[in-house]
file input.txt (compact mmCIF, C-alpha atoms and all ligand atoms)
# COMPACT_ATOMS: atom_id res chain seq x y z
CA MET D 472 20.19 -78.10 10.19
CA ILE D 473 21.60 -74.62 9.90
CA TYR D 474 19.61 -71.82 8.28
CA THR D 475 20.95 -68.37 7.41
CA VAL D 476 18.59 -65.48 6.74
CA THR D 477 19.91 -62.48 4.82
CA SER D 478 17.08 -60.01 4.49
CA SER D 479 18.99 -58.03 1.88
CA PRO D 480 21.54 -60.20 0.06
CA SER D 481 23.84 -58.61 -2.51
CA LEU D 482 26.17 -59.05 -5.38
CA ASP D 483 29.48 -57.59 -4.24
CA LEU D 484 31.39 -55.78 -6.98
CA ILE D 485 34.99 -55.42 -5.86
CA VAL D 486 36.97 -52.94 -7.92
CA SER D 487 40.68 -52.11 -7.50
CA LEU D 488 42.14 -48.78 -8.59
CA SER D 489 45.79 -47.90 -9.18
CA SER D 490 45.32 -44.35 -7.87
CA THR D 491 43.49 -42.86 -4.91
CA LEU D 492 39.73 -42.43 -5.29
CA GLU D 493 38.64 -38.79 -5.29
CA SER D 494 35.10 -37.54 -5.33
CA GLY D 495 34.23 -36.28 -8.81
CA GLY D 496 37.16 -38.07 -10.49
CA ASN D 497 37.13 -40.46 -13.47
CA PHE D 498 38.83 -43.78 -12.75
CA ARG D 499 39.44 -47.08 -14.49
CA ALA D 500 39.53 -50.39 -12.70
CA ILE D 501 42.75 -52.41 -12.82
CA GLU D 502 40.98 -55.46 -11.42
CA GLU D 503 37.35 -56.35 -10.73
CA GLU D 504 35.44 -59.27 -9.32
CA LEU D 505 31.76 -60.08 -8.71
CA ARG D 506 30.95 -62.23 -5.69
CA PRO D 507 27.74 -63.41 -4.01
CA GLY D 508 27.36 -61.37 -0.85
CA GLY D 509 25.36 -60.41 2.18
CA LYS D 510 26.19 -61.66 5.64
CA GLY D 511 24.10 -64.83 5.73
CA ILE D 512 25.23 -65.84 2.24
CA ASN D 513 28.91 -65.44 3.23
CA ILE D 514 28.23 -67.47 6.37
CA SER D 515 26.62 -70.25 4.29
CA ILE D 516 29.59 -70.25 1.89
CA MET D 517 32.12 -70.43 4.73
CA LEU D 518 30.07 -73.19 6.39
CA LYS D 519 30.16 -75.12 3.13
CA ASN D 520 33.94 -74.66 2.92
CA LEU D 521 34.18 -76.06 6.45
CA GLY D 522 32.06 -79.08 5.51
CA CYS D 523 28.69 -78.01 7.03
CA ASN D 524 25.50 -77.82 4.99
CA SER D 525 23.15 -74.93 5.49
CA THR D 526 20.14 -73.42 3.77
CA ALA D 527 20.36 -69.75 2.75
CA LEU D 528 17.08 -67.83 3.01
CA GLY D 529 16.28 -64.25 2.06
CA PHE D 530 14.67 -62.02 -0.55
CA VAL D 531 16.03 -61.73 -4.09
CA ALA D 532 14.83 -59.81 -7.15
CA GLY D 533 15.66 -58.88 -10.73
CA PHE D 534 18.65 -59.86 -12.87
CA SER D 535 21.05 -59.39 -9.97
CA GLY D 536 18.89 -61.72 -7.88
CA ASP D 537 19.06 -64.35 -10.66
CA GLU D 538 22.84 -64.06 -10.73
CA LEU D 539 23.06 -64.22 -6.94
CA MET D 540 20.95 -67.40 -6.90
CA ARG D 541 23.07 -68.91 -9.66
CA MET D 542 26.32 -68.11 -7.85
CA THR D 543 25.04 -69.30 -4.48
CA MET D 544 23.78 -72.58 -5.89
CA ALA D 545 27.05 -73.02 -7.81
CA SER D 546 28.80 -72.84 -4.43
CA GLY D 547 26.79 -75.94 -3.47
CA ILE D 548 24.51 -74.22 -0.98
CA ASN D 549 20.84 -75.11 -0.46
CA THR D 550 18.71 -72.07 -1.08
CA GLY D 551 15.20 -71.10 -0.13
CA PHE D 552 15.10 -67.56 -1.45
CA ILE D 553 11.83 -65.70 -1.85
CA ARG D 554 11.72 -64.05 -5.27
CA VAL D 555 10.13 -60.60 -4.99
CA ARG D 556 8.68 -58.70 -7.93
CA ARG D 557 9.74 -55.09 -7.58
CA GLY D 558 13.27 -53.78 -7.75
CA ARG D 559 16.46 -55.80 -7.81
CA THR D 560 18.92 -57.41 -5.47
CA ARG D 561 21.38 -54.72 -4.45
CA ILE D 562 24.87 -54.48 -5.89
CA ASN D 563 27.27 -53.43 -3.16
CA ILE D 564 30.45 -51.76 -4.31
CA ARG D 565 33.88 -52.08 -2.70
CA ILE D 566 36.47 -49.71 -4.15
CA LYS D 567 40.03 -50.58 -3.23
CA ASP D 568 42.87 -48.11 -3.54
CA THR D 569 45.16 -47.69 -0.55
CA LYS D 570 42.01 -48.04 1.58
CA GLU D 571 38.62 -49.64 0.98
CA THR D 572 35.51 -47.57 0.26
CA LYS D 573 32.16 -49.33 0.64
CA ILE D 574 28.84 -48.36 -0.89
CA ASN D 575 25.97 -50.65 0.06
CA GLY D 576 22.79 -50.47 -2.03
CA LEU D 577 19.12 -50.40 -1.09
CA GLY D 578 17.67 -53.69 -2.31
CA PRO D 579 14.22 -54.55 -3.68
CA THR D 580 10.75 -53.68 -2.44
CA VAL D 581 9.43 -56.47 -0.24
CA THR D 582 5.68 -56.85 0.36
CA SER D 583 3.88 -58.30 3.36
CA ASP D 584 3.08 -61.42 1.26
CA ASP D 585 6.80 -61.90 0.58
CA ILE D 586 7.47 -61.58 4.30
CA ASN D 587 4.79 -64.18 5.08
CA TYR D 588 6.39 -66.64 2.62
CA LEU D 589 9.68 -66.29 4.47
CA ILE D 590 7.97 -66.62 7.84
CA ASN D 591 6.41 -69.89 6.65
CA LYS D 592 9.89 -71.20 5.85
CA ILE D 593 11.15 -70.09 9.26
CA LYS D 594 8.24 -71.85 10.99
CA ILE D 595 9.50 -75.25 9.80
CA ILE D 596 12.87 -74.80 11.52
CA LYS D 597 13.12 -77.42 14.26
CA GLU D 598 14.20 -77.40 17.86
CA ASN D 599 17.99 -77.70 18.09
CA ASP D 600 18.44 -76.29 14.58
CA ILE D 601 20.50 -73.12 14.23
CA LEU D 602 19.07 -69.97 12.70
CA VAL D 603 21.39 -67.08 11.81
CA LEU D 604 19.80 -63.65 11.28
CA ALA D 605 22.38 -61.57 9.47
CA GLY D 606 22.90 -58.15 7.96
CA MET D 607 21.10 -54.86 7.71
CA VAL D 608 17.33 -54.54 7.53
CA PRO D 609 16.64 -52.64 4.29
CA PRO D 610 14.37 -49.57 4.44
CA SER D 611 11.65 -51.43 2.50
CA LEU D 612 11.21 -53.95 5.34
CA PRO D 613 9.57 -53.42 8.72
CA GLN D 614 12.46 -52.53 11.01
CA ASP D 615 11.31 -55.11 13.56
CA ILE D 616 11.36 -57.97 11.01
CA TYR D 617 14.00 -59.92 12.94
CA ARG D 618 11.73 -59.91 16.00
CA THR D 619 8.93 -61.32 13.83
CA PHE D 620 11.26 -64.06 12.54
CA PHE D 621 12.49 -64.76 16.07
CA GLU D 622 8.92 -65.00 17.39
CA ASN D 623 8.03 -67.59 14.74
CA ILE D 624 10.66 -70.15 15.63
CA LYS D 625 10.29 -73.07 18.01
CA ALA D 626 11.65 -72.89 21.54
CA GLY D 627 15.05 -74.54 21.64
CA THR D 628 16.24 -73.23 18.27
CA LYS D 629 19.61 -71.54 18.66
CA VAL D 630 19.40 -68.06 17.17
CA ILE D 631 22.59 -66.24 16.23
CA ILE D 632 22.39 -62.55 15.36
CA ASP D 633 25.05 -60.97 13.17
CA THR D 634 23.92 -57.37 12.90
CA PRO D 635 25.07 -54.02 14.27
CA PRO D 636 24.13 -53.41 17.95
CA ASP D 637 21.27 -51.01 17.16
CA VAL D 638 19.54 -53.90 15.33
CA PHE D 639 20.22 -56.63 17.89
CA ALA D 640 19.71 -54.51 21.04
CA PRO D 641 15.88 -54.75 21.00
CA LEU D 642 16.17 -58.54 20.47
CA LEU D 643 18.36 -59.31 23.48
CA GLU D 644 15.35 -60.01 25.70
CA LEU D 645 14.52 -62.92 23.35
CA LYS D 646 17.78 -64.54 24.52
CA PRO D 647 19.75 -65.16 21.32
CA PHE D 648 22.40 -67.87 21.58
CA LEU D 649 25.12 -65.57 20.21
CA VAL D 650 25.52 -61.96 19.10
CA LYS D 651 28.63 -60.71 17.31
CA PRO D 652 29.10 -56.96 17.18
CA ASN D 653 32.37 -55.60 15.88
CA LEU D 654 34.29 -53.22 18.10
CA TYR D 655 33.75 -50.13 15.92
CA GLU D 656 29.98 -50.65 15.77
CA LEU D 657 29.88 -51.28 19.49
CA GLN D 658 31.81 -48.10 20.29
CA ASP D 659 29.53 -46.11 17.99
CA PHE D 660 26.46 -47.59 19.63
CA LEU D 661 27.68 -46.97 23.18
CA GLN D 662 29.05 -43.55 22.21
CA LYS D 663 32.28 -44.27 24.04
CA GLU D 664 35.72 -45.58 23.29
CA LEU D 665 36.49 -49.05 24.58
CA SER D 666 40.19 -48.36 24.89
CA ASP D 667 41.38 -51.64 26.37
CA ASN D 668 40.33 -55.30 26.57
CA ASP D 669 38.86 -54.91 30.07
CA LYS D 670 36.48 -52.26 28.78
CA VAL D 671 35.47 -54.50 25.85
CA ILE D 672 34.83 -57.38 28.27
CA GLU D 673 32.73 -55.08 30.45
CA ALA D 674 30.68 -53.99 27.42
CA ALA D 675 30.25 -57.62 26.28
CA ARG D 676 29.09 -58.59 29.78
CA ALA D 677 26.54 -55.76 29.72
CA ILE D 678 25.12 -57.13 26.45
CA ARG D 679 24.99 -60.62 27.95
CA ASP D 680 23.27 -59.31 31.06
CA LYS D 681 20.54 -57.87 28.83
CA GLY D 682 19.77 -61.38 27.52
CA ALA D 683 22.31 -62.66 24.96
CA GLN D 684 23.67 -66.02 26.05
CA ASN D 685 27.11 -65.54 24.50
CA VAL D 686 28.80 -62.45 23.08
CA LEU D 687 31.69 -62.36 20.61
CA VAL D 688 33.18 -58.92 19.90
CA SER D 689 35.32 -58.99 16.78
CA MET D 690 38.26 -56.58 16.87
CA GLY D 691 39.90 -56.92 13.42
CA LYS D 692 43.65 -57.51 13.67
CA ASN D 693 43.36 -57.54 17.47
CA GLY D 694 41.29 -60.73 17.43
CA ALA D 695 38.19 -60.96 19.58
CA VAL D 696 36.76 -60.84 23.06
CA PHE D 697 34.38 -63.65 23.97
CA VAL D 698 32.12 -63.69 27.03
CA ASP D 699 30.09 -66.85 27.53
CA CYS D 700 26.93 -67.83 29.36
CA GLU D 701 28.94 -68.97 32.41
CA ASP D 702 30.68 -65.60 32.67
CA ASN D 703 34.02 -66.82 31.34
CA ALA D 704 35.78 -64.06 29.40
CA TYR D 705 38.53 -64.68 26.84
CA VAL D 706 40.72 -62.35 24.82
CA ILE D 707 41.68 -64.27 21.69
CA ALA D 708 44.56 -63.04 19.53
CA THR D 709 44.52 -63.59 15.75
CA PRO D 710 47.03 -66.00 14.29
CA GLY D 711 48.58 -62.99 12.47
CA GLY D 712 48.98 -62.11 8.80
CA ASP D 713 48.15 -58.86 7.01
CA ALA D 714 44.54 -58.40 5.98
CA ILE D 715 44.20 -58.23 2.20
CA ASP D 716 40.41 -58.43 1.90
CA ARG D 717 38.19 -58.02 4.95
CA THR D 718 34.89 -58.57 3.06
CA GLY D 719 33.18 -61.50 4.73
CA ALA D 720 35.79 -61.86 7.52
CA GLY D 721 33.28 -61.12 10.31
CA ASP D 722 30.72 -63.40 8.63
CA SER D 723 33.33 -66.16 8.43
CA MET D 724 33.77 -65.89 12.20
CA ILE D 725 30.14 -66.90 12.71
CA ALA D 726 30.60 -69.90 10.38
CA GLY D 727 33.76 -70.93 12.21
CA PHE D 728 31.97 -70.67 15.54
CA ILE D 729 29.03 -72.80 14.38
CA SER D 730 31.11 -75.50 12.69
CA ASP D 731 33.31 -75.97 15.75
CA TYR D 732 30.46 -75.81 18.24
CA LEU D 733 28.50 -78.49 16.36
CA GLU D 734 31.52 -80.77 16.61
CA SER D 735 32.93 -79.92 20.04
CA ALA D 736 29.92 -78.52 21.97
CA ASP D 737 32.60 -76.34 23.58
CA LEU D 738 32.03 -72.58 23.52
CA LYS D 739 35.67 -71.64 24.09
CA SER D 740 36.85 -73.92 21.31
CA ALA D 741 34.16 -72.45 19.02
CA ALA D 742 35.31 -68.89 19.81
CA TYR D 743 38.93 -69.79 18.95
CA MET D 744 37.79 -71.35 15.69
CA ALA D 745 35.76 -68.19 14.98
CA VAL D 746 38.91 -66.07 15.25
CA ALA D 747 40.94 -68.46 13.06
CA THR D 748 38.20 -68.50 10.41
CA GLY D 749 37.82 -64.69 10.39
CA ALA D 750 41.59 -64.27 10.11
CA ALA D 751 41.72 -66.77 7.25
CA THR D 752 39.17 -64.85 5.19
CA ALA D 753 40.76 -61.47 6.03
CA THR D 754 44.13 -62.68 4.74
CA TYR D 755 42.72 -64.48 1.69
CA LYS D 756 41.08 -63.19 -1.49
CA GLY D 757 37.46 -64.21 -0.94
CA ILE D 758 35.99 -66.64 1.59
CA ALA D 759 38.87 -68.83 2.79
CA PRO D 760 39.11 -72.59 2.12
CA LYS D 761 39.05 -75.15 4.94
CA GLU D 762 42.74 -76.14 4.70
CA TYR D 763 43.84 -72.54 5.26
CA VAL D 764 41.44 -72.11 8.20
CA ARG D 765 42.83 -75.32 9.76
CA GLU D 766 46.41 -74.07 9.24
CA LEU D 767 45.65 -70.81 11.08
CA ARG D 768 43.75 -72.62 13.81
CA GLU D 769 46.77 -74.86 14.39
CA CYS D 770 49.04 -71.78 14.63
CA MET D 771 46.90 -70.64 17.58
CA GLY D 772 47.82 -73.82 19.48
CA GLU D 773 45.91 -75.84 22.06
CA ILE D 774 43.48 -73.97 24.28
O1 LIG Y 1 23.87 -56.13 5.28
P1 LIG Y 1 24.88 -55.03 5.31
O2 LIG Y 1 25.21 -54.58 6.68
O3 LIG Y 1 24.53 -53.89 4.40
O4 LIG Y 1 26.26 -55.63 4.76
C1 LIG Y 1 26.33 -56.29 3.54
C2 LIG Y 1 27.74 -56.44 3.10
O5 LIG Y 1 28.49 -57.06 4.13
C3 LIG Y 1 29.05 -58.28 3.64
O6 LIG Y 1 28.16 -59.33 3.96
C4 LIG Y 1 30.40 -58.49 4.28
O7 LIG Y 1 30.22 -58.59 5.67
C5 LIG Y 1 29.12 -58.13 2.14
O8 LIG Y 1 29.13 -59.36 1.44
C6 LIG Y 1 27.90 -57.29 1.85
O9 LIG Y 1 28.11 -56.48 0.73
call {"tool": "encode", "arguments": {"input": "input.txt", "output": "structure tokens", "more": "lines below"}}
Ligand SMILES: O=P(O)(O)OC[C@H]1O[C@](O)(CO)[C@@H](O)[C@@H]1O
result
Amino acid sequence: MIYTVTSSPSLDLIVSLSSTLESGGNFRAIEEELRPGGKGINISIMLKNLGCNSTALGFVAGFSGDELMRMTMASGINTGFIRVRRGRTRINIRIKDTKETKINGLGPTVTSDDINYLINKIKIIKENDILVLAGMVPPSLPQDIYRTFFENIKAGTKVIIDTPPDVFAPLLELKPFLVKPNLYELQDFLQKELSDNDKVIEAARAIRDKGAQNVLVSMGKNGAVFVDCEDNAYVIATPGGDAIDRTGAGDSMIAGFISDYLESADLKSAAYMAVATGAATATYKGIAPKEYVRELRECMGEI
């Protein structure tokens, strides 16, 4: 089984403007859409599109939490959300003009009882299952919550961490199966520019040497760098196409990686599928369907 944990899921409100957003201005949307969001939720949706079942776990609250649960279940995903009493599931805003402006909300207040309910769900995850820990840790949660989750799983569970490097860095010693920073976050974290692929590979190897088994660095339109547990390093180009909506593209990469790895047990093949899946969502409105992912994967050729 595959489990995704999103400690702060969201509804994503995507609003398009015909003119450029200015602080203090008054604008009207020309298009708007409400989607279920949060990294683990997007991963579960992409997994479903690729034909893999998963269970989405996390904390939800208020009317926005009800709507998120409704939308997630309508996508055919198993859910095991913990309903918390105070506050509401955050509504993250994406404003699109010529660029994309993101405002991510705070999320509800989560108590230690709520956390224990989620830990109990995590405790039943079996050896050889996959657990994805994804997204920011909201201020209302203990900042080491992912460590607590990690420490409550059985040995042999494959843990994948899809968070910025400052969140996954303290967890590397617990030997996650895969971490996936994006290049911008990684540069910010290291406080240096990784100006060519060799430098990205070197940085990925340094993360692996600290404990991660495999490291996938997503690089937007430049594809990804993948360094595996046997020290193979690959630079994987995207199958092309102009990004129209990057929301969920990085999350889709994780789903692509998992779905391929479960079928092929081949890390390189999984990394190529990750890039195809991320590119599909980036060049599609919403989380891409399987046929489109397959088309892009075929464009990348045999590996
Ligand atoms: O958990 P974070 O880092 O705040 O990011 C959440 C946002 O990222 C996404 O999961 C896209 O990656 C959105 O669906 C969501 O609004």
call {"tool": "residues_around", "arguments": {"input": "input.txt", "residues": "Leu657 of chain D", "least_positions_apart": "3", "cutoff": "10 Å", "atoms": "only C-alpha atoms", "output": "list in words"}}
result
Pro635, Pro636, Asp637, Lys651, Pro652, Asn653, Leu654, Phe660, Leu661, Gln662, Lys663, Glu664, Leu665, Val671, Ala674, Ala675, Val688 and Ser689 of chain D
call {"tool": "closest_atom_pairs", "arguments": {"input": "input.txt", "of": "chain D", "to": "ligand LIG 1 (chain Y)", "cutoff": "6 Å", "atoms": "all atoms listed in the file", "output": "Markdown table"}}
result
| residue | atom | partner | partner_atom | distance |
| --- | --- | --- | --- | --- |
| D:Ser481 | CA | Y:LIG1 | O9 | 5.8 |
| D:Asp483 | CA | Y:LIG1 | O9 | 5.3 |
| D:Gly508 | CA | Y:LIG1 | O8 | 3.5 |
| D:Gly509 | CA | Y:LIG1 | O6 | 3.5 |
| D:Lys510 | CA | Y:LIG1 | O6 | 3.5 |
| D:Asn563 | CA | Y:LIG1 | O9 | 5.0 |
| D:Asn575 | CA | Y:LIG1 | O3 | 5.6 |
| D:Gly606 | CA | Y:LIG1 | O1 | 3.5 |
| D:Met607 | CA | Y:LIG1 | O1 | 3.9 |
| D:Thr718 | CA | Y:LIG1 | C4 | 4.7 |
| D:Gly719 | CA | Y:LIG1 | C4 | 4.1 |
| D:Asp722 | CA | Y:LIG1 | O7 | 5.7 |
call {"tool": "residues_near_point", "arguments": {"input": "input.txt", "point": "(36.3, -71.4, 24.0)", "cutoff": "9 Å", "atoms": "all atoms listed in the file", "output": "list in words"}}
result
Phe697, Asp699, Asn703, Tyr705, Asp737, Leu738, Lys739, Ser740, Ala741, Ala742, Tyr743, Met744 and Ile774 of chain D
call {"tool": "closest_residue", "arguments": {"input": "input.txt", "among": "D:Ser489, D:Thr634, D:Thr628, D:Ser546", "to": "Val608 of chain D", "atoms": "all atoms listed in the file"}}
result
D:Thr634
call {"tool": "atom_distance", "arguments": {"input": "input.txt", "atom1": "atom CA of Ser515 of chain D", "atom2": "atom CA of Lys692 of chain D"}}
result
23.2 Å
call {"tool": "axis_aligned_box", "arguments": {"input": "input.txt", "around": "segment 496-500 of chain D", "padding_each_side": "6 Å", "output": "lines of an AutoDock Vina configuration file"}}
result
center_x = 38.3
center_y = -44.2
center_z = -12.5
size_x = 14.4
size_y = 24.3
size_z = 16.0
call {"tool": "closest_residue", "arguments": {"input": "input.txt", "among": "D:Asp669, D:Asp600, D:Asp716, D:Asp615", "to": "Phe648 of chain D", "atoms": "all atoms listed in the file"}}
result
D:Asp600
call {"tool": "residues_near_point", "arguments": {"input": "input.txt", "point": "(23.9, -76.8, -3.1)", "cutoff": "12 Å", "atoms": "all atoms listed in the file", "output": "number ranges by chain"}}
result
D: 515-516, 518-520, 523-527, 540-551
call {"tool": "residues_around", "arguments": {"input": "input.txt", "residues": "Ala677 of chain D", "least_positions_apart": "3", "cutoff": "12 Å", "atoms": "only C-alpha atoms", "output": "list in words"}}
result
Ala640, Leu643, Leu657, Leu661, Lys670, Val671, Ile672, Glu673, Ala674, Asp680, Lys681, Gly682, Ala683, Gln684, Asn685, Val686, Val698, Asp699 and Asp702 of chain D
call {"tool": "closest_residue", "arguments": {"input": "input.txt", "among": "D:Thr572, D:Asn693, D:Asn599, D:Asn497", "to": "Leu484 of chain D", "atoms": "only C-alpha atoms"}}
result
D:Thr572
call {"tool": "closest_residue", "arguments": {"input": "input.txt", "among": "D:Ile678, D:Ile485, D:Ala736, D:Ile715", "to": "Arg565 of chain D", "atoms": "only C-alpha atoms"}}
result
D:Ile485
call {"tool": "residues_around", "arguments": {"input": "input.txt", "residues": "Pro609 of chain D", "least_positions_apart": "2", "cutoff": "12 Å", "atoms": "all atoms listed in the file", "output": "list in words"}}
result
Thr477, Ser478, Ser479, Pro480, Ser481, Gly509, Gly529, Phe530, Thr560, Arg561, Asn575, Gly576, Leu577, Gly578, Pro579, Thr580, Val581, Ala605, Gly606, Met607, Ser611, Leu612, Pro613, Gln614, Asp615, Ile616, Tyr617 and Val638 of chain D
call {"tool": "closest_residue", "arguments": {"input": "input.txt", "among": "D:Ile562, D:Arg557, D:Leu521, D:Glu622", "to": "Ala751 of chain D", "atoms": "only C-alpha atoms"}}
result
D:Leu521
call {"tool": "closest_residue", "arguments": {"input": "input.txt", "among": "D:Thr619, D:Thr491, D:Ser723, D:Asn591", "to": "Gly511 of chain D", "atoms": "all atoms listed in the file"}}
result
D:Ser723
call {"tool": "atom_distance", "arguments": {"input": "input.txt", "atom1": "atom CA of Gly533 of chain D", "atom2": "atom CA of Arg618 of chain D"}}
result
27.0 Å
